[in-house]
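Trainee: Structure file final22.csv, CSV, C-alpha atoms and all ligand atoms, is pasted below:
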```csv
chain,number,residue,atom,x,y,z
Y,16,MET,CA,10.9,-10.3,19.2
Y,17,LYS,CA,8.1,-7.7,19.2
Y,18,LEU,CA,5.3,-8.4,16.8
Y,19,ILE,CA,3.8,-5.4,14.9
Y,20,ASP,CA,0.1,-6.4,14.6
Y,21,GLY,CA,-0.9,-4.9,11.3
Y,22,LYS,CA,-4.4,-6.3,11.6
Y,23,LYS,CA,-5.0,-4.6,15.0
Y,24,ILE,CA,-3.4,-1.3,13.9
Y,25,SER,CA,-5.4,-1.3,10.7
Y,26,GLU,CA,-8.6,-1.9,12.7
Y,27,LYS,CA,-7.7,1.2,14.8
Y,28,VAL,CA,-7.2,3.3,11.7
Y,29,LEU,CA,-10.5,2.1,10.3
Y,30,ASP,CA,-12.2,3.0,13.6
Y,31,GLU,CA,-10.7,6.5,13.4
Y,32,ILE,CA,-11.9,6.9,9.8
Y,33,LYS,CA,-15.4,5.7,10.9
Y,34,PHE,CA,-15.4,8.3,13.7
Y,35,SER,CA,-14.6,11.0,11.1
Y,36,VAL,CA,-17.4,9.8,8.8
Y,37,GLN,CA,-19.9,9.9,11.7
Y,38,ASN,CA,-18.8,13.4,12.5
Y,39,ARG,CA,-19.3,14.4,8.9
Y,40,VAL,CA,-22.8,13.0,8.9
Y,41,LYS,CA,-23.6,14.9,12.1
Y,42,ASN,CA,-22.4,18.1,10.4
Y,43,ASN,CA,-24.3,17.4,7.2
Y,44,LEU,CA,-21.1,17.0,5.2
Y,45,LYS,CA,-20.7,14.7,2.2
Y,46,ILE,CA,-20.1,11.0,2.8
Y,47,PRO,CA,-16.8,9.9,1.3
Y,48,HIS,CA,-17.2,7.9,-1.9
Y,49,LEU,CA,-14.5,5.5,-3.2
Y,50,ALA,CA,-14.8,3.9,-6.7
Y,51,ALA,CA,-12.7,1.1,-8.1
Y,52,ILE,CA,-12.2,0.1,-11.7
Y,53,LEU,CA,-11.6,-3.7,-12.2
Y,54,VAL,CA,-10.6,-4.9,-15.6
Y,55,GLY,CA,-10.6,-8.6,-16.4
Y,56,ASP,CA,-10.9,-11.7,-14.3
Y,57,ASP,CA,-7.7,-11.9,-12.2
Y,58,GLY,CA,-8.5,-13.8,-9.0
Y,59,ALA,CA,-6.1,-11.8,-6.7
Y,60,SER,CA,-7.3,-8.5,-8.1
Y,61,LYS,CA,-10.9,-9.4,-7.5
Y,62,THR,CA,-10.1,-10.4,-3.9
Y,63,TYR,CA,-8.3,-7.1,-3.3
Y,64,VAL,CA,-11.1,-5.0,-4.8
Y,65,ASN,CA,-13.7,-6.9,-2.8
Y,66,SER,CA,-11.8,-6.3,0.4
Y,67,LYS,CA,-11.6,-2.6,-0.4
Y,68,ILE,CA,-15.4,-2.4,-1.0
Y,69,LYS,CA,-16.1,-4.3,2.2
Y,70,ALA,CA,-13.9,-1.9,4.2
Y,71,CYS,CA,-15.8,1.0,2.7
Y,72,GLU,CA,-19.0,-0.4,4.2
Y,73,LYS,CA,-17.3,-0.9,7.5
Y,74,VAL,CA,-16.4,2.8,7.9
Y,75,GLY,CA,-19.6,4.1,6.3
Y,76,PHE,CA,-18.2,5.2,3.0
Y,77,LYS,CA,-20.1,4.9,-0.3
Y,78,SER,CA,-18.4,2.7,-2.8
Y,79,SER,CA,-18.8,1.9,-6.5
Y,80,LEU,CA,-17.3,-0.9,-8.5
Y,81,PHE,CA,-16.9,-0.5,-12.3
Y,82,LYS,CA,-16.1,-3.9,-13.8
Y,83,PHE,CA,-15.1,-4.4,-17.4
Y,84,ASP,CA,-14.3,-7.4,-19.5
Y,85,ASP,CA,-10.6,-7.7,-20.4
Y,86,SER,CA,-11.5,-7.1,-24.0
Y,87,ILE,CA,-12.2,-3.4,-23.2
Y,88,SER,CA,-10.2,-1.1,-25.4
Y,89,GLU,CA,-7.8,1.5,-24.0
Y,90,ILE,CA,-10.0,4.3,-25.5
Y,91,GLU,CA,-13.1,3.0,-23.9
Y,92,LEU,CA,-11.3,2.7,-20.5
Y,93,LEU,CA,-10.1,6.3,-20.9
Y,94,ASN,CA,-13.6,7.3,-21.5
Y,95,GLN,CA,-14.8,5.6,-18.4
Y,96,ILE,CA,-12.1,7.3,-16.4
Y,97,LYS,CA,-13.2,10.7,-17.8
Y,98,ASN,CA,-16.7,10.0,-16.6
Y,99,ILE,CA,-15.5,9.2,-13.1
Y,100,ASN,CA,-13.2,12.2,-13.1
Y,101,GLU,CA,-16.3,14.4,-13.9
Y,102,ASN,CA,-18.7,12.6,-11.4
Y,103,ASP,CA,-18.9,15.0,-8.5
Y,104,ASP,CA,-20.3,12.4,-6.2
Y,105,ILE,CA,-17.0,10.3,-6.4
Y,106,ASP,CA,-14.2,11.6,-4.2
Y,107,GLY,CA,-11.5,9.1,-5.1
Y,108,PHE,CA,-11.0,6.1,-7.3
Y,109,ILE,CA,-8.4,3.5,-8.2
Y,110,VAL,CA,-7.7,1.5,-11.3
Y,111,GLN,CA,-6.8,-2.0,-9.9
Y,112,LEU,CA,-3.5,-3.2,-11.3
Y,113,PRO,CA,-2.3,-5.1,-13.3
Y,114,LEU,CA,-4.2,-4.2,-16.4
Y,115,PRO,CA,-4.4,-6.4,-19.5
Y,116,LYS,CA,-1.3,-6.3,-21.7
Y,117,HIS,CA,-3.0,-4.3,-24.6
Y,118,ILE,CA,-3.7,-1.4,-22.2
Y,119,ASN,CA,-0.9,1.0,-21.5
Y,120,GLN,CA,-0.8,1.4,-17.7
Y,121,GLU,CA,1.1,4.7,-17.9
Y,122,VAL,CA,-1.5,6.3,-20.2
Y,123,ILE,CA,-4.3,5.1,-18.0
Y,124,LEU,CA,-2.8,6.3,-14.7
Y,125,ASN,CA,-2.0,9.7,-16.3
Y,126,LYS,CA,-5.7,10.3,-17.0
Y,127,VAL,CA,-6.8,9.8,-13.4
Y,128,SER,CA,-7.6,13.3,-12.0
Y,129,PRO,CA,-4.8,14.0,-9.5
Y,130,ALA,CA,-7.5,15.3,-7.0
Y,131,LYS,CA,-9.1,11.8,-7.1
Y,132,ASP,CA,-5.9,9.8,-7.3
Y,133,VAL,CA,-6.2,8.1,-3.9
Y,134,ASP,CA,-3.6,5.5,-5.0
Y,135,GLY,CA,-1.1,8.3,-5.4
Y,136,PHE,CA,0.2,6.9,-8.7
Y,137,HIS,CA,-0.4,10.0,-10.9
Y,138,PRO,CA,3.0,11.7,-11.8
Y,139,ASN,CA,1.7,15.0,-10.2
Y,140,ASN,CA,1.1,13.3,-6.9
Y,141,TYR,CA,4.2,11.1,-7.1
Y,142,GLY,CA,6.3,14.2,-7.8
Y,143,LYS,CA,4.8,16.0,-4.9
Y,144,MET,CA,5.6,13.1,-2.6
Y,145,THR,CA,9.2,13.2,-3.9
Y,146,LEU,CA,9.4,16.9,-3.2
Y,147,GLY,CA,8.0,16.4,0.3
Y,148,ILE,CA,4.7,18.3,-0.5
Y,149,ASP,CA,1.5,17.1,1.1
Y,150,THR,CA,-0.3,14.7,-1.2
Y,151,PHE,CA,-1.7,11.2,-1.5
Y,152,ILE,CA,1.0,8.7,-0.5
Y,153,PRO,CA,0.5,5.3,-2.1
Y,154,ALA,CA,-1.2,2.9,0.2
Y,155,THR,CA,1.6,0.4,0.9
Y,156,PRO,CA,4.3,2.9,1.8
Y,157,ALA,CA,1.7,4.9,3.8
Y,158,GLY,CA,0.9,1.7,5.7
Y,159,ILE,CA,4.5,1.0,6.4
Y,160,ILE,CA,4.9,4.6,7.8
Y,161,GLU,CA,1.8,4.1,10.0
Y,162,LEU,CA,3.2,0.7,11.3
Y,163,ILE,CA,6.6,2.2,12.1
Y,164,GLU,CA,5.2,5.3,13.7
Y,165,ARG,CA,2.6,3.6,15.8
Y,166,SER,CA,5.2,1.1,17.0
Y,167,GLU,CA,7.4,4.1,18.0
Y,168,ILE,CA,10.4,2.8,15.9
Y,169,GLN,CA,12.7,5.7,15.4
Y,170,THR,CA,14.0,6.2,11.8
Y,171,GLU,CA,16.3,9.2,12.4
Y,172,GLY,CA,19.9,8.4,11.8
Y,173,LYS,CA,19.1,4.7,11.3
Y,174,LYS,CA,20.6,2.6,8.5
Y,175,CYS,CA,17.6,1.4,6.5
Y,176,LEU,CA,17.7,-1.2,3.7
Y,177,VAL,CA,14.9,-1.2,1.2
Y,178,ILE,CA,14.9,-4.4,-0.8
Y,179,GLY,CA,13.0,-3.8,-4.1
Y,180,ARG,CA,12.6,-0.7,-6.3
Y,181,SER,CA,9.1,-1.0,-7.5
Y,182,GLN,CA,7.0,2.1,-8.2
Y,183,ILE,CA,4.4,1.0,-5.7
Y,184,VAL,CA,6.6,0.0,-2.7
Y,185,GLY,CA,10.4,0.2,-2.9
Y,186,ARG,CA,10.9,3.5,-4.7
Y,187,PRO,CA,8.4,5.5,-2.7
Y,188,ILE,CA,9.3,4.1,0.8
Y,189,SER,CA,13.0,4.7,0.0
Y,190,ILE,CA,12.3,8.4,-0.8
Y,191,LEU,CA,10.1,8.8,2.3
Y,192,LEU,CA,12.6,7.2,4.6
Y,193,SER,CA,15.3,9.7,3.6
Y,194,GLN,CA,13.1,12.8,3.7
Y,195,ASN,CA,13.8,15.5,6.2
Y,196,LYS,CA,10.7,14.9,8.4
Y,197,SER,CA,9.9,13.2,11.7
Y,198,PHE,CA,9.4,10.0,9.7
Y,199,GLY,CA,12.6,10.0,7.7
Y,200,ASN,CA,16.1,11.2,8.2
Y,201,SER,CA,17.4,7.7,7.7
Y,202,THR,CA,20.4,6.6,5.7
Y,203,VAL,CA,18.8,4.6,3.0
Y,204,THR,CA,20.2,1.8,0.8
Y,205,VAL,CA,18.0,0.5,-2.0
Y,206,ALA,CA,18.9,-3.1,-3.0
Y,207,HIS,CA,17.4,-4.8,-6.1
Y,208,SER,CA,17.8,-7.8,-8.4
Y,209,ARG,CA,21.3,-6.6,-9.5
Y,210,SER,CA,22.6,-5.8,-6.0
Y,211,LYS,CA,25.6,-7.7,-4.8
Y,212,ASP,CA,26.1,-9.1,-1.2
Y,213,LEU,CA,22.6,-8.7,-0.1
Y,214,GLU,CA,23.4,-10.7,3.1
Y,215,LYS,CA,26.1,-8.2,4.0
Y,216,LEU,CA,23.7,-5.3,3.4
Y,217,CYS,CA,21.0,-6.9,5.6
Y,218,LEU,CA,23.5,-7.5,8.4
Y,219,ASP,CA,24.5,-3.9,8.4
Y,220,SER,CA,20.9,-2.5,8.7
Y,221,ASP,CA,18.9,-1.3,11.6
Y,222,ILE,CA,15.6,-1.4,9.6
Y,223,ILE,CA,14.9,-3.7,6.7
Y,224,ILE,CA,11.9,-3.1,4.4
Y,225,SER,CA,11.7,-6.2,2.2
Y,226,ALA,CA,9.6,-6.3,-0.9
Y,227,ILE,CA,11.6,-8.9,-2.9
Y,228,GLY,CA,9.0,-11.6,-3.3
Y,229,ILE,CA,11.2,-14.6,-2.5
Y,230,PRO,CA,9.6,-16.7,0.2
Y,231,GLU,CA,11.5,-16.9,3.5
Y,232,PHE,CA,14.6,-15.4,1.9
Y,233,ILE,CA,15.8,-13.5,5.0
Y,234,LYS,CA,17.3,-15.8,7.7
Y,235,GLY,CA,18.3,-15.2,11.2
Y,236,ASN,CA,22.1,-15.2,10.4
Y,237,MET,CA,21.5,-12.4,7.9
Y,238,ILE,CA,20.3,-9.8,10.4
Y,239,LYS,CA,21.7,-7.6,13.1
Y,240,LYS,CA,20.5,-8.3,16.7
Y,241,GLY,CA,17.5,-6.1,17.5
Y,242,SER,CA,16.9,-4.8,14.0
Y,243,SER,CA,13.4,-4.2,12.8
Y,244,ILE,CA,11.9,-5.8,9.7
Y,245,ILE,CA,8.9,-4.8,7.7
Y,246,ASP,CA,8.0,-7.7,5.5
Y,247,VAL,CA,6.1,-6.7,2.4
Y,248,GLY,CA,6.5,-10.0,0.6
Y,249,ILE,CA,3.3,-12.0,-0.2
Y,250,THR,CA,4.0,-15.1,-2.2
Y,251,ARG,CA,1.5,-18.0,-2.6
Y,252,VAL,CA,3.2,-21.3,-2.0
Y,253,ASP,CA,1.5,-24.7,-2.3
Y,254,ASP,CA,0.3,-26.1,1.1
Y,255,LEU,CA,-1.7,-29.3,0.8
Y,256,SER,CA,-2.6,-29.1,4.5
Y,257,SER,CA,-4.6,-25.9,3.9
Y,258,PRO,CA,-8.2,-26.1,2.5
Y,259,LYS,CA,-7.2,-23.5,-0.1
Y,260,GLY,CA,-4.2,-25.7,-1.2
Y,261,TYR,CA,-1.8,-22.8,-0.7
Y,262,LYS,CA,-0.5,-20.4,2.0
Y,263,ILE,CA,0.8,-16.9,1.9
Y,264,VAL,CA,4.5,-16.6,2.8
Y,265,GLY,CA,6.6,-13.4,3.4
Y,266,ASP,CA,10.2,-12.6,2.5
Y,267,VAL,CA,11.3,-13.4,6.0
Y,268,ASP,CA,11.9,-16.9,7.5
Y,269,PHE,CA,10.0,-16.0,10.6
Y,270,LYS,CA,11.1,-18.8,12.8
Y,271,SER,CA,14.8,-18.4,11.8
Y,272,VAL,CA,14.8,-14.6,12.7
Y,273,SER,CA,12.7,-14.9,15.9
Y,274,ASN,CA,15.6,-14.9,18.3
Y,275,THR,CA,17.5,-12.1,16.6
Y,276,VAL,CA,14.9,-9.6,15.3
Y,277,GLY,CA,13.6,-6.7,17.3
Y,278,TYR,CA,10.3,-5.6,15.7
Y,279,ILE,CA,8.8,-7.6,12.9
Y,280,THR,CA,5.6,-7.6,10.9
Y,281,PRO,CA,4.0,-11.1,10.4
Y,282,VAL,CA,2.7,-12.4,7.0
Y,283,PRO,CA,-0.2,-12.5,6.7
Y,284,GLY,CA,-1.4,-9.8,9.2
Y,285,GLY,CA,1.3,-7.2,8.8
Y,286,VAL,CA,1.6,-4.7,6.0
Y,287,GLY,CA,-1.3,-6.3,4.0
Y,288,PRO,CA,-4.3,-5.1,6.1
Y,289,MET,CA,-2.7,-1.6,6.3
Y,290,THR,CA,-2.9,-1.0,2.6
Y,291,ILE,CA,-6.7,-1.0,2.7
Y,292,SER,CA,-7.0,1.3,5.6
Y,293,MET,CA,-4.5,3.8,4.1
Y,294,LEU,CA,-6.5,3.8,0.8
Y,295,LEU,CA,-9.6,4.8,2.8
Y,296,LYS,CA,-7.6,7.4,4.7
Y,297,ASN,CA,-6.6,8.9,1.4
Y,298,THR,CA,-10.2,8.8,0.2
Y,299,LEU,CA,-11.3,10.7,3.4
Y,300,LYS,CA,-8.6,13.2,2.7
Y,301,ALA,CA,-9.8,13.7,-0.9
Y,302,CYS,CA,-13.3,14.2,0.4
Y,303,GLU,CA,-12.2,16.7,3.0
Y,304,ILE,CA,-10.2,18.7,0.5
Y,305,SER,CA,-13.3,19.0,-1.8
Y,306,ASP,CA,-15.5,20.3,1.1
H,401,LIG,N1,-2.4,-3.9,-7.4
H,401,LIG,C1,-1.5,-4.2,-6.4
H,401,LIG,N2,-1.4,-3.3,-5.5
H,401,LIG,C2,-2.1,-2.2,-5.9
H,401,LIG,C3,-2.4,-0.9,-5.4
H,401,LIG,O1,-1.9,-0.5,-4.4
H,401,LIG,N3,-3.3,-0.2,-6.1
H,401,LIG,C4,-3.9,-0.6,-7.3
H,401,LIG,N4,-4.7,0.2,-7.9
H,401,LIG,N5,-3.6,-1.8,-7.8
H,401,LIG,C5,-2.8,-2.6,-7.1
```
I'd like the structure from this file rewritten - as structure tokens, please.
Ligand code: GUN

Mentor:
Amino acid sequence: MKLIDGKKISEKVLDEIKFSVQNRVKNNLKIPHLAAILVGDDGASKTYVNSKIKACEKVGFKSSLFKFDDSISEIELLNQIKNINENDDIDGFIVQLPLPKHINQEVILNKVSPAKDVDGFHPNNYGKMTLGIDTFIPATPAGIIELIERSEIQTEGKKCLVIGRSQIVGRPISILLSQNKSFGNSTVTVAHSRSKDLEKLCLDSDIIISAIGIPEFIKGNMIKKGSSIIDVGITRVDDLSSPKGYKIVGDVDFKSVSNTVGYITPVPGGVGPMTISMLLKNTLKACEISD
């Protein structure tokens, strides 16, 4: 078993970004500025946004947090987005999801200027990604690419199973794995809640990207010897021995696969930390494009 250390790789990416920022400062270029919109009081969303802001400080970015009560109307939120779109000092911004039920996510994400859409969720950017045109790749799939490439795992000609078809993870990574590029050229199967014989699909795969959200679902007897697993699952399960009262568990039964698996990402410390560094990489890209 070879562990893919997402924390370490993410630190390396952040160091590279920091180096770029220092060079920009030396050359009197603009300091990248990321903004985040947070609506409501969801604990997990608050934690994510705070981690993003902290990472900005670490690499020398400017950051702004726009917090709104969950009673904000869709029109008011659209107004706020318009203001950020027009604010030349802000290079990129995200609207932290999920949004309250009375706000239409699709309408909101459509209003984010594609040039500042560092989440890569705007249909223009999503469409470009699908067509293989350079754009902002959403942070989680971008992080998975970085982990696979930096671990020198070849994707060409490999059988890849993507479990999950979400807009944020499964759908984009399945498209990217099949593209005709150095990262890509895989034979991709997308499994989801209606798929049959998931065990058989797993056993037949060289690379499994799992974003199913069922804790410890993938067991050792379900995988091929030497296969690689990227575990995107993050489920909170009760753990009375932990001070927080819960622990974070991935889709893979780590112990059970340890004698069979080739490369594997741990949870926590695998894909999770990468999502933040990739968001910052997209923000740097947005800033560089606007130079
Ligand atoms: N909520 C969960 N993941 C994400 C993400 O990648 N971006 C945003 N904006 N919200 C999220």

Trainee: Using all atoms listed in the file for the distances, tell me which of Y:Glu26, Y:Glu31, Y:Asp306, Y:Asp85 is nearest to Leu53 (chain Y).

Mentor: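 Smallest distance to Leu53 (chain Y) is found for Y:Asp85.
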
Trainee: For a test of reading the model, state the distance in Å between CA of Arg180 (chain Y) and CA of Ser208 (chain Y), rounded to one decimal.

Mentor: 9.0 Å

Trainee: Please report, as a tab-separated table, each residue of chain Y lying at most 7 Å from ligand LIG 401 (chain H), together with the nearest pair of atoms and the separation in Å rounded to one decimal; use all atoms listed in the file, and order rows by chain and ascending residue number.

Mentor:
```
residue	atom	partner	partner_atom	distance
Y:Ser60	CA	H:LIG401	N1	6.8
Y:Ile109	CA	H:LIG401	N4	5.0
Y:Val110	CA	H:LIG401	N4	4.7
Y:Gln111	CA	H:LIG401	N4	3.6
Y:Leu112	CA	H:LIG401	N5	3.8
Y:Pro113	CA	H:LIG401	N1	6.0
Y:Asp134	CA	H:LIG401	N3	5.8
Y:Pro153	CA	H:LIG401	O1	6.7
Y:Ala154	CA	H:LIG401	O1	5.8
Y:Thr155	CA	H:LIG401	O1	6.4
Y:Ile183	CA	H:LIG401	O1	6.6
```

Trainee: Using only C-alpha atoms, determine which residues lie at most 12 Å from Asn119 (chain Y), disregarding the query and same-chain residues fewer than 6 positions distant; provide the list as a list in words.

Mentor: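 My reading of the contact set: Ser88, Glu89, Ile90, Leu92, Leu93, Leu112, Pro113, Asn125 and Lys126 of chain Y.
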
Trainee: Which one of Y:Ala50, Y:Asp266, Y:Ala70, Y:Gly172 sits closest to Asn195 (chain Y) if you count all atoms listed in the file?

Mentor: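 Checking each candidate against Asn195 (chain Y), we get Y:Gly172 as the closest.
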
Trainee: Using only C-alpha atoms, pick whichever of Y:Lys234, Y:His48, Y:Lys300, Y:His137 has the shortest atom-to-atom distance to Val272 (chain Y).

Mentor: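 Under the stated criterion, the closest residue is Y:Lys234.
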
Trainee: Near Ser79 (chain Y), within 10 Å and counting all atoms listed in the file, which residues show up once chain neighbours fewer than 4 positions away are dropped, as a CSV table (one decimal) with C-alpha atoms, in the frame of the given file?

Mentor:
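Saved to part.csv:
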```csv
chain,number,residue,atom,x,y,z
Y,48,HIS,CA,-17.2,7.9,-1.9
Y,49,LEU,CA,-14.5,5.5,-3.2
Y,50,ALA,CA,-14.8,3.9,-6.7
Y,51,ALA,CA,-12.7,1.1,-8.1
Y,52,ILE,CA,-12.2,0.1,-11.7
Y,68,ILE,CA,-15.4,-2.4,-1.0
Y,71,CYS,CA,-15.8,1.0,2.7
Y,105,ILE,CA,-17.0,10.3,-6.4
Y,108,PHE,CA,-11.0,6.1,-7.3
```

Trainee: In Å, rounded to a single decimal, give me how far CA of Leu29 (chain Y) is from CA of Met293 (chain Y).

Mentor: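 CA of Met293 (chain Y) sits 8.8 Å away from CA of Leu29 (chain Y).
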